[in-house]
file query13.pdb (PDB, C-alpha atoms, pLDDT in the B column)
ATOM      1  CA  MET A   1       8.601 -24.083  13.907  1.00 39.00           C
ATOM      2  CA  LEU A   2       8.783 -20.295  13.839  1.00 38.00           C
ATOM      3  CA  THR A   3      12.139 -18.499  13.705  1.00 38.00           C
ATOM      4  CA  PHE A   4      12.832 -14.876  14.630  1.00 38.00           C
ATOM      5  CA  ARG A   5      16.092 -13.114  13.792  1.00 40.00           C
ATOM      6  CA  ILE A   6      16.429  -9.800  15.565  1.00 39.00           C
ATOM      7  CA  ASN A   7      18.997  -7.419  14.107  1.00 40.00           C
ATOM      8  CA  SER A   8      17.614  -3.996  14.978  1.00 38.00           C
ATOM      9  CA  MET A   9      19.965  -1.883  17.069  1.00 36.00           C
ATOM     10  CA  LYS A  10      17.069  -0.361  18.972  1.00 37.00           C
ATOM     11  CA  ASN A  11      15.160  -3.568  19.632  1.00 39.00           C
ATOM     12  CA  ILE A  12      14.376  -3.904  23.336  1.00 38.00           C
ATOM     13  CA  ILE A  13      11.095  -5.766  23.292  1.00 38.00           C
ATOM     14  CA  LEU A  14      10.415  -8.962  21.420  1.00 41.00           C
ATOM     15  CA  LEU A  15       6.916 -10.318  21.731  1.00 41.00           C
ATOM     16  CA  ALA A  16       6.464 -13.970  20.954  1.00 42.00           C
ATOM     17  CA  LEU A  17       2.705 -14.610  20.801  1.00 42.00           C
ATOM     18  CA  PHE A  18       1.521 -17.906  19.403  1.00 38.00           C
ATOM     19  CA  VAL A  19      -2.031 -19.149  18.996  1.00 37.00           C
ATOM     20  CA  SER A  20      -1.596 -22.797  18.027  1.00 38.00           C
ATOM     21  CA  CYS A  21      -0.492 -25.345  20.621  1.00 40.00           C
ATOM     22  CA  SER A  22       1.673 -28.447  20.460  1.00 41.00           C
ATOM     23  CA  THR A  23       2.672 -30.872  23.205  1.00 49.00           C
ATOM     24  CA  SER A  24       6.270 -30.965  22.007  1.00 57.00           C
ATOM     25  CA  SER A  25       6.699 -27.208  21.593  1.00 70.00           C
ATOM     26  CA  LYS A  26       9.806 -25.486  22.838  1.00 75.00           C
ATOM     27  CA  LEU A  27      11.325 -22.048  22.861  1.00 75.00           C
ATOM     28  CA  THR A  28      15.011 -21.752  21.951  1.00 81.00           C
ATOM     29  CA  ILE A  29      16.903 -18.498  22.414  1.00 82.00           C
ATOM     30  CA  MET A  30      20.278 -18.097  20.705  1.00 84.00           C
ATOM     31  CA  THR A  31      22.462 -15.014  20.852  1.00 88.00           C
ATOM     32  CA  LYS A  32      25.445 -13.562  19.072  1.00 88.00           C
ATOM     33  CA  PRO A  33      27.648 -13.445  21.050  1.00 90.00           C
ATOM     34  CA  GLU A  34      26.744 -16.591  23.001  1.00 90.00           C
ATOM     35  CA  LYS A  35      26.697 -17.146  26.758  1.00 92.00           C
ATOM     36  CA  ALA A  36      24.262 -14.336  27.556  1.00 91.00           C
ATOM     37  CA  SER A  37      22.414 -14.889  30.829  1.00 90.00           C
ATOM     38  CA  VAL A  38      18.693 -15.673  30.705  1.00 87.00           C
ATOM     39  CA  THR A  39      16.558 -14.632  33.669  1.00 86.00           C
ATOM     40  CA  VAL A  40      12.821 -14.862  34.319  1.00 79.00           C
ATOM     41  CA  TYR A  41      10.622 -12.316  36.064  1.00 75.00           C
ATOM     42  CA  ASN A  42       9.165 -13.608  39.332  1.00 74.00           C
ATOM     43  CA  GLU A  43       5.900 -11.787  40.029  1.00 71.00           C
ATOM     44  CA  LYS A  44       5.933 -12.674  43.746  1.00 76.00           C
ATOM     45  CA  THR A  45       9.374 -11.242  44.482  1.00 78.00           C
ATOM     46  CA  GLN A  46       9.236  -8.710  41.607  1.00 74.00           C
ATOM     47  CA  THR A  47      12.796  -9.633  40.654  1.00 79.00           C
ATOM     48  CA  TYR A  48      14.500 -11.449  37.791  1.00 81.00           C
ATOM     49  CA  GLU A  49      15.842 -14.923  38.658  1.00 84.00           C
ATOM     50  CA  PRO A  50      18.566 -16.729  36.642  1.00 88.00           C
ATOM     51  CA  ILE A  51      17.466 -19.804  34.681  1.00 86.00           C
ATOM     52  CA  GLY A  52      20.344 -20.382  32.234  1.00 88.00           C
ATOM     53  CA  GLU A  53      22.468 -18.948  29.473  1.00 90.00           C
ATOM     54  CA  THR A  54      22.340 -18.969  25.712  1.00 90.00           C
ATOM     55  CA  PRO A  55      21.899 -21.069  23.772  1.00 90.00           C
ATOM     56  CA  PHE A  56      18.846 -21.675  25.962  1.00 86.00           C
ATOM     57  CA  SER A  57      15.825 -23.958  25.466  1.00 83.00           C
ATOM     58  CA  ILE A  58      12.682 -24.495  27.479  1.00 77.00           C
ATOM     59  CA  SER A  59       9.661 -26.679  26.678  1.00 75.00           C
ATOM     60  CA  SER A  60       6.081 -25.433  26.576  1.00 64.00           C
ATOM     61  CA  LYS A  61       5.333 -27.672  29.580  1.00 66.00           C
ATOM     62  CA  GLU A  62       8.119 -26.048  31.619  1.00 67.00           C
ATOM     63  CA  LEU A  63       6.857 -22.620  30.580  1.00 59.00           C
ATOM     64  CA  LYS A  64       3.306 -23.482  31.629  1.00 56.00           C
ATOM     65  CA  ASP A  65       4.415 -25.083  34.901  1.00 50.00           C
ATOM     66  CA  SER A  66       6.509 -22.065  35.830  1.00 48.00           C
ATOM     67  CA  LYS A  67       3.993 -19.476  34.559  1.00 47.00           C
ATOM     68  CA  MET A  68       6.870 -17.699  32.831  1.00 48.00           C
ATOM     69  CA  GLY A  69       6.017 -14.655  30.854  1.00 63.00           C
ATOM     70  CA  VAL A  70       8.994 -12.294  30.705  1.00 72.00           C
ATOM     71  CA  LEU A  71      12.493 -13.538  29.969  1.00 76.00           C
ATOM     72  CA  ARG A  72      15.454 -11.148  30.038  1.00 81.00           C
ATOM     73  CA  VAL A  73      18.613 -11.799  28.004  1.00 87.00           C
ATOM     74  CA  GLU A  74      21.689  -9.928  29.274  1.00 88.00           C
ATOM     75  CA  LYS A  75      25.399  -9.851  28.601  1.00 87.00           C
ATOM     76  CA  PRO A  76      27.787  -7.304  30.137  1.00 86.00           C
ATOM     77  CA  GLY A  77      28.571  -4.551  27.631  1.00 82.00           C
ATOM     78  CA  TYR A  78      25.505  -5.315  25.480  1.00 83.00           C
ATOM     79  CA  VAL A  79      21.948  -3.986  25.272  1.00 79.00           C
ATOM     80  CA  THR A  80      19.484  -6.030  27.349  1.00 80.00           C
ATOM     81  CA  GLU A  81      16.696  -7.777  25.403  1.00 80.00           C
ATOM     82  CA  ASN A  82      13.316  -8.839  26.810  1.00 75.00           C
ATOM     83  CA  VAL A  83      11.279 -11.751  25.449  1.00 73.00           C
ATOM     84  CA  VAL A  84       7.625 -11.650  26.486  1.00 67.00           C
ATOM     85  CA  ILE A  85       5.713 -14.902  26.079  1.00 64.00           C
ATOM     86  CA  PRO A  86       2.056 -15.602  26.804  1.00 54.00           C
ATOM     87  CA  THR A  87       2.550 -19.047  28.291  1.00 49.00           C
ATOM     88  CA  ASN A  88      -0.847 -20.585  27.673  1.00 49.00           C
ATOM     89  CA  THR A  89      -0.219 -21.227  23.964  1.00 48.00           C
ATOM     90  CA  MET A  90       2.900 -21.496  21.833  1.00 50.00           C
ATOM     91  CA  THR A  91       4.526 -23.321  18.945  1.00 57.00           C
ATOM     92  CA  SER A  92       8.157 -24.392  18.651  1.00 63.00           C
ATOM     93  CA  THR A  93      10.117 -21.212  18.169  1.00 68.00           C
ATOM     94  CA  ASP A  94      13.742 -20.259  17.641  1.00 71.00           C
ATOM     95  CA  VAL A  95      14.708 -16.706  18.573  1.00 73.00           C
ATOM     96  CA  GLN A  96      18.078 -15.448  17.319  1.00 78.00           C
ATOM     97  CA  LEU A  97      19.143 -12.219  19.043  1.00 79.00           C
ATOM     98  CA  ASN A  98      22.075 -10.301  17.620  1.00 83.00           C
ATOM     99  CA  LEU A  99      23.092  -8.397  20.735  1.00 82.00           C
ATOM    100  CA  ARG A 100      24.377  -4.856  20.210  1.00 78.00           C
ATOM    101  CA  GLU A 101      27.169  -3.332  22.192  1.00 79.00           C
ATOM    102  CA  ASN A 102      26.086  -0.595  24.599  1.00 72.00           C
ATOM    103  CA  HIS A 103      28.057   2.115  22.809  1.00 64.00           C
ATOM    104  CA  GLN A 104      25.922   1.505  19.689  1.00 54.00           C
ATOM    105  CA  TRP A 105      22.785   2.220  21.723  1.00 52.00           C
ATOM    106  CA  ILE A 106      23.822   5.510  23.330  1.00 53.00           C
ATOM    107  CA  SER A 107      22.177   8.539  21.762  1.00 54.00           C
ATOM    108  CA  LYS A 108      20.023  11.520  22.669  1.00 50.00           C
ATOM    109  CA  GLU A 109      16.998   9.305  22.091  1.00 54.00           C
ATOM    110  CA  SER A 110      18.072   6.440  24.338  1.00 55.00           C
ATOM    111  CA  LYS A 111      16.328   7.694  27.495  1.00 58.00           C
ATOM    112  CA  SER A 112      12.995   8.236  25.763  1.00 64.00           C
ATOM    113  CA  ILE A 113      13.305   4.933  23.881  1.00 65.00           C
ATOM    114  CA  SER A 114      14.043   3.196  27.168  1.00 67.00           C
ATOM    115  CA  LYS A 115      10.910   4.711  28.728  1.00 75.00           C
ATOM    116  CA  VAL A 116       8.809   3.529  25.774  1.00 76.00           C
ATOM    117  CA  ALA A 117      10.309   0.043  26.043  1.00 77.00           C
ATOM    118  CA  GLU A 118       9.597  -0.103  29.789  1.00 80.00           C
ATOM    119  CA  ASP A 119       6.025   1.076  29.196  1.00 82.00           C
ATOM    120  CA  ILE A 120       5.458  -1.606  26.545  1.00 85.00           C
ATOM    121  CA  ALA A 121       7.053  -4.314  28.709  1.00 83.00           C
ATOM    122  CA  GLU A 122       4.843  -3.370  31.653  1.00 85.00           C
ATOM    123  CA  HIS A 123       1.696  -3.521  29.525  1.00 88.00           C
ATOM    124  CA  LEU A 124       2.716  -6.830  27.938  1.00 87.00           C
ATOM    125  CA  ASN A 125       3.382  -8.303  31.359  1.00 86.00           C
ATOM    126  CA  GLN A 126      -0.137  -7.254  32.462  1.00 89.00           C
ATOM    127  CA  ILE A 127      -1.616  -8.815  29.317  1.00 90.00           C
ATOM    128  CA  ASN A 128       0.312 -12.021  29.958  1.00 87.00           C
ATOM    129  CA  ARG A 129      -0.925 -12.212  33.577  1.00 89.00           C
ATOM    130  CA  ASN A 130      -4.506 -11.594  32.452  1.00 90.00           C
ATOM    131  CA  ILE A 131      -4.315 -14.275  29.753  1.00 90.00           C
ATOM    132  CA  ASN A 132      -2.807 -16.783  32.186  1.00 87.00           C
ATOM    133  CA  SER A 133      -5.624 -16.123  34.667  1.00 90.00           C
ATOM    134  CA  ARG A 134      -8.173 -16.256  31.812  1.00 91.00           C
ATOM    135  CA  SER A 135      -9.147 -12.637  32.461  1.00 93.00           C
ATOM    136  CA  TYR A 136      -9.518 -12.009  28.756  1.00 93.00           C
ATOM    137  CA  SER A 137     -11.635  -8.849  29.105  1.00 93.00           C
ATOM    138  CA  GLU A 138      -8.936  -7.269  31.267  1.00 94.00           C
ATOM    139  CA  ALA A 139      -6.301  -8.359  28.740  1.00 93.00           C
ATOM    140  CA  LEU A 140      -8.303  -6.568  26.025  1.00 95.00           C
ATOM    141  CA  VAL A 141      -8.438  -3.370  28.087  1.00 95.00           C
ATOM    142  CA  VAL A 142      -4.646  -3.321  28.459  1.00 94.00           C
ATOM    143  CA  THR A 143      -4.139  -4.222  24.778  1.00 94.00           C
ATOM    144  CA  ASN A 144      -6.440  -1.386  23.749  1.00 95.00           C
ATOM    145  CA  LYS A 145      -4.290   1.015  25.794  1.00 93.00           C
ATOM    146  CA  LEU A 146      -1.209  -0.173  23.904  1.00 91.00           C
ATOM    147  CA  ILE A 147      -2.944   0.254  20.553  1.00 93.00           C
ATOM    148  CA  ASN A 148      -4.097   3.757  21.502  1.00 92.00           C
ATOM    149  CA  LYS A 149      -0.501   4.697  22.419  1.00 89.00           C
ATOM    150  CA  TYR A 150       1.205   2.879  19.519  1.00 87.00           C
ATOM    151  CA  PRO A 151      -1.399   2.540  16.730  1.00 91.00           C
ATOM    152  CA  GLU A 152       1.157   1.704  14.024  1.00 89.00           C
ATOM    153  CA  THR A 153       2.557  -1.386  15.807  1.00 88.00           C
ATOM    154  CA  SER A 154       1.172  -4.471  14.070  1.00 88.00           C
ATOM    155  CA  ILE A 155       1.955  -6.993  16.806  1.00 88.00           C
ATOM    156  CA  PHE A 156      -0.502  -5.311  19.189  1.00 91.00           C
ATOM    157  CA  TYR A 157      -3.311  -6.019  16.710  1.00 93.00           C
ATOM    158  CA  ASP A 158      -2.103  -9.639  16.602  1.00 91.00           C
ATOM    159  CA  ILE A 159      -2.380  -9.772  20.387  1.00 92.00           C
ATOM    160  CA  ARG A 160      -5.883  -8.295  20.343  1.00 94.00           C
ATOM    161  CA  GLY A 161      -6.897 -10.692  17.566  1.00 93.00           C
ATOM    162  CA  SER A 162      -5.541 -13.638  19.569  1.00 91.00           C
ATOM    163  CA  ILE A 163      -7.491 -12.561  22.647  1.00 94.00           C
ATOM    164  CA  HIS A 164     -10.658 -12.321  20.545  1.00 94.00           C
ATOM    165  CA  LEU A 165      -9.968 -15.871  19.337  1.00 91.00           C
ATOM    166  CA  LEU A 166      -9.699 -17.010  22.962  1.00 91.00           C
ATOM    167  CA  LEU A 167     -13.117 -15.378  23.500  1.00 93.00           C
ATOM    168  CA  ASN A 168     -14.388 -17.148  20.337  1.00 92.00           C
ATOM    169  CA  GLN A 169     -15.064 -13.754  18.718  1.00 94.00           C
ATOM    170  CA  LYS A 170     -13.922 -14.700  15.231  1.00 93.00           C
ATOM    171  CA  GLU A 171     -15.089 -11.576  13.366  1.00 95.00           C
ATOM    172  CA  GLU A 172     -13.243  -9.286  15.798  1.00 95.00           C
ATOM    173  CA  ALA A 173     -10.174 -11.524  15.512  1.00 93.00           C
ATOM    174  CA  LYS A 174     -10.305 -11.282  11.697  1.00 94.00           C
ATOM    175  CA  ARG A 175     -10.544  -7.477  11.823  1.00 95.00           C
ATOM    176  CA  ASN A 176      -7.472  -7.260  14.055  1.00 94.00           C
ATOM    177  CA  PHE A 177      -5.365  -9.730  12.052  1.00 93.00           C
ATOM    178  CA  THR A 178      -6.346  -7.861   8.871  1.00 94.00           C
ATOM    179  CA  LYS A 179      -5.233  -4.549  10.426  1.00 94.00           C
ATOM    180  CA  SER A 180      -1.968  -6.174  11.509  1.00 90.00           C
ATOM    181  CA  LEU A 181      -1.340  -7.325   7.928  1.00 90.00           C
ATOM    182  CA  GLU A 182      -2.073  -3.827   6.604  1.00 91.00           C
ATOM    183  CA  LEU A 183       0.713  -2.544   8.862  1.00 89.00           C
ATOM    184  CA  ASN A 184       3.059  -5.499   8.256  1.00 87.00           C
ATOM    185  CA  PRO A 185       2.161  -7.395   5.051  1.00 87.00           C
ATOM    186  CA  SER A 186       5.165  -9.733   5.334  1.00 85.00           C
ATOM    187  CA  ASN A 187       3.986 -11.363   8.581  1.00 81.00           C
ATOM    188  CA  LEU A 188       3.446 -14.973   7.471  1.00 84.00           C
ATOM    189  CA  LYS A 189       2.271 -16.122  10.912  1.00 84.00           C
ATOM    190  CA  THR A 190      -0.564 -13.589  10.906  1.00 85.00           C
ATOM    191  CA  LYS A 191      -1.523 -14.561   7.331  1.00 86.00           C
ATOM    192  CA  ALA A 192      -1.685 -18.209   8.382  1.00 84.00           C
ATOM    193  CA  LEU A 193      -3.858 -17.381  11.413  1.00 81.00           C
ATOM    194  CA  LEU A 194      -6.220 -15.314   9.299  1.00 85.00           C
ATOM    195  CA  GLU A 195      -6.605 -18.157   6.791  1.00 86.00           C
ATOM    196  CA  LYS A 196      -7.487 -20.608   9.583  1.00 85.00           C
ATOM    197  CA  ILE A 197     -10.364 -18.519  10.975  1.00 83.00           C
TER     198      ILE A 197
END
call {"tool": "encode", "arguments": {"input": "query13.pdb", "output": "structure tokens"}}
result
Amino acid sequence: MLTFRINSMKNIILLALFVSCSTSSKLTIMTKPEKASVTVYNEKTQTYEPIGETPFSISSKELKDSKMGVLRVEKPGYVTENVVIPTNTMTSTDVQLNLRENHQWISKESKSISKVAEDIAEHLNQINRNINSRSYSEALVVTNKLINKYPETSIFYDIRGSIHLLLNQKEEAKRNFTKSLELNPSNLKTKALLEKI
């Protein structure tokens, strides 16, 4: 099981990308404060639909069946958090979100940060759709755009490495996981993936 604790005041995007697969995997989202609404993005209607409130759990089978990719966690008066999940592979994961009150978010930078977050979310959603449809080459193109825009963000190299693994391109995967570890040496999940290749 993998556990994330998110404390950053300016955290809008959380990417949960997992390469190993288990039949009993589940995603659990917990928030402080509790009872935040959880919605899922519906690509057909291009709207977010309610699916529960925190603490919230969903199995990997339910995720696959529903083709979920973007979950939004919202509570009035608090900053909205997005959880982006490629649904074709995952391990059991607990995500603990420490929601921040809106007044802590407001600053001169908030508009530009919001635009960056929206840009990243849009790209991650495209990557997720491409992975779900097994359009791995297209997923790589979008991932490369993210890396070109945000070259110091380790998780994007993890995504590219994972896509290369799906394409059975192990040397490319190794290069990307190695770059990710250079940027974020404390990422145990990436270290474990690199050791398995």
call {"tool": "closest_residue", "arguments": {"input": "query13.pdb", "among": "A:Arg175, A:Arg72, A:Arg160, A:Lys191", "to": "Ile29 (chain A)", "atoms": "all atoms listed in the file"}}
result
A:Arg72
call {"tool": "residues_around", "arguments": {"input": "query13.pdb", "residues": "region 138-143 of chain A", "least_positions_apart": "3", "cutoff": "7 Å", "atoms": "all atoms listed in the file", "output": "ChimeraX atom specification"}}
result
/A:123,127,130-131,135,146-147,156,160,163
call {"tool": "closest_residue", "arguments": {"input": "query13.pdb", "among": "A:Tyr41, A:Tyr157, A:Tyr150, A:Tyr78", "to": "Ser180 (chain A)", "atoms": "only C-alpha atoms"}}
result
A:Tyr157
call {"tool": "atom_distance", "arguments": {"input": "query13.pdb", "atom1": "CA of Asp158 (chain A)", "atom2": "CA of Leu99 (chain A)"}}
result
25.6 Å
call {"tool": "resolve_selection", "arguments": {"input": "query13.pdb", "expression": "the PyMOL selection byres ((chain A and resi 40) around 8)", "output": "list in words"}}
result
Val38, Thr39, Tyr41, Asn42, Tyr48, Glu49, Pro50, Ile51, Met68, Gly69, Val70, Leu71 and Arg72 of chain A
call {"tool": "closest_residue", "arguments": {"input": "query13.pdb", "among": "A:Leu183, A:Leu167, A:Ala173, A:Val95", "to": "Thr153 (chain A)", "atoms": "all atoms listed in the file"}}
result
A:Leu183
call {"tool": "axis_aligned_box", "arguments": {"input": "query13.pdb", "around": "region 37-47 of chain A", "padding_each_side": "4 Å", "output": "lines of an AutoDock Vina configuration file"}}
result
center_x = 14.2
center_y = -12.2
center_z = 37.6
size_x = 24.5
size_y = 15.0
size_z = 21.8
call {"tool": "atom_distance", "arguments": {"input": "query13.pdb", "atom1": "CA of Glu118 (chain A)", "atom2": "CA of Thr190 (chain A)"}}
result
25.3 Å
call {"tool": "decode", "arguments": {"input": "query13.pdb", "residues": "region 42-53 of chain A", "atoms": "N, CA and C atoms", "output": "CSV table (one decimal), in the first residue's frame"}}
result
chain,number,residue,atom,x,y,z
A,42,ASN,N,-16.8,13.5,-16.0
A,42,ASN,CA,-17.4,12.7,-17.1
A,42,ASN,C,-17.1,13.3,-18.4
A,43,GLU,N,-16.3,12.5,-19.2
A,43,GLU,CA,-15.8,13.1,-20.5
A,43,GLU,C,-17.0,13.4,-21.5
A,44,LYS,N,-18.0,12.5,-21.4
A,44,LYS,CA,-19.2,12.7,-22.3
A,44,LYS,C,-19.9,14.0,-22.1
A,45,THR,N,-20.2,14.3,-20.8
A,45,THR,CA,-20.9,15.5,-20.5
A,45,THR,C,-20.0,16.7,-20.2
A,46,GLN,N,-18.7,16.4,-20.0
A,46,GLN,CA,-17.7,17.4,-19.7
A,46,GLN,C,-18.1,18.2,-18.4
A,47,THR,N,-18.6,17.4,-17.4
A,47,THR,CA,-19.0,18.0,-16.1
A,47,THR,C,-18.4,17.0,-15.0
A,48,TYR,N,-18.4,17.5,-13.8
A,48,TYR,CA,-18.1,16.7,-12.7
A,48,TYR,C,-19.3,16.2,-12.0
A,49,GLU,N,-19.4,14.8,-11.7
A,49,GLU,CA,-20.6,14.2,-11.2
A,49,GLU,C,-20.2,13.7,-9.8
A,50,PRO,N,-21.1,13.9,-8.8
A,50,PRO,CA,-20.8,13.5,-7.4
A,50,PRO,C,-20.8,11.9,-7.3
A,51,ILE,N,-19.8,11.5,-6.5
A,51,ILE,CA,-19.7,10.0,-6.3
A,51,ILE,C,-19.5,9.7,-4.8
A,52,GLY,N,-19.4,10.7,-3.9
A,52,GLY,CA,-19.3,10.4,-2.5
A,52,GLY,C,-18.7,11.5,-1.7
A,53,GLU,N,-18.3,11.3,-0.5
A,53,GLU,CA,-17.6,12.2,0.3
A,53,GLU,C,-16.6,11.5,1.2
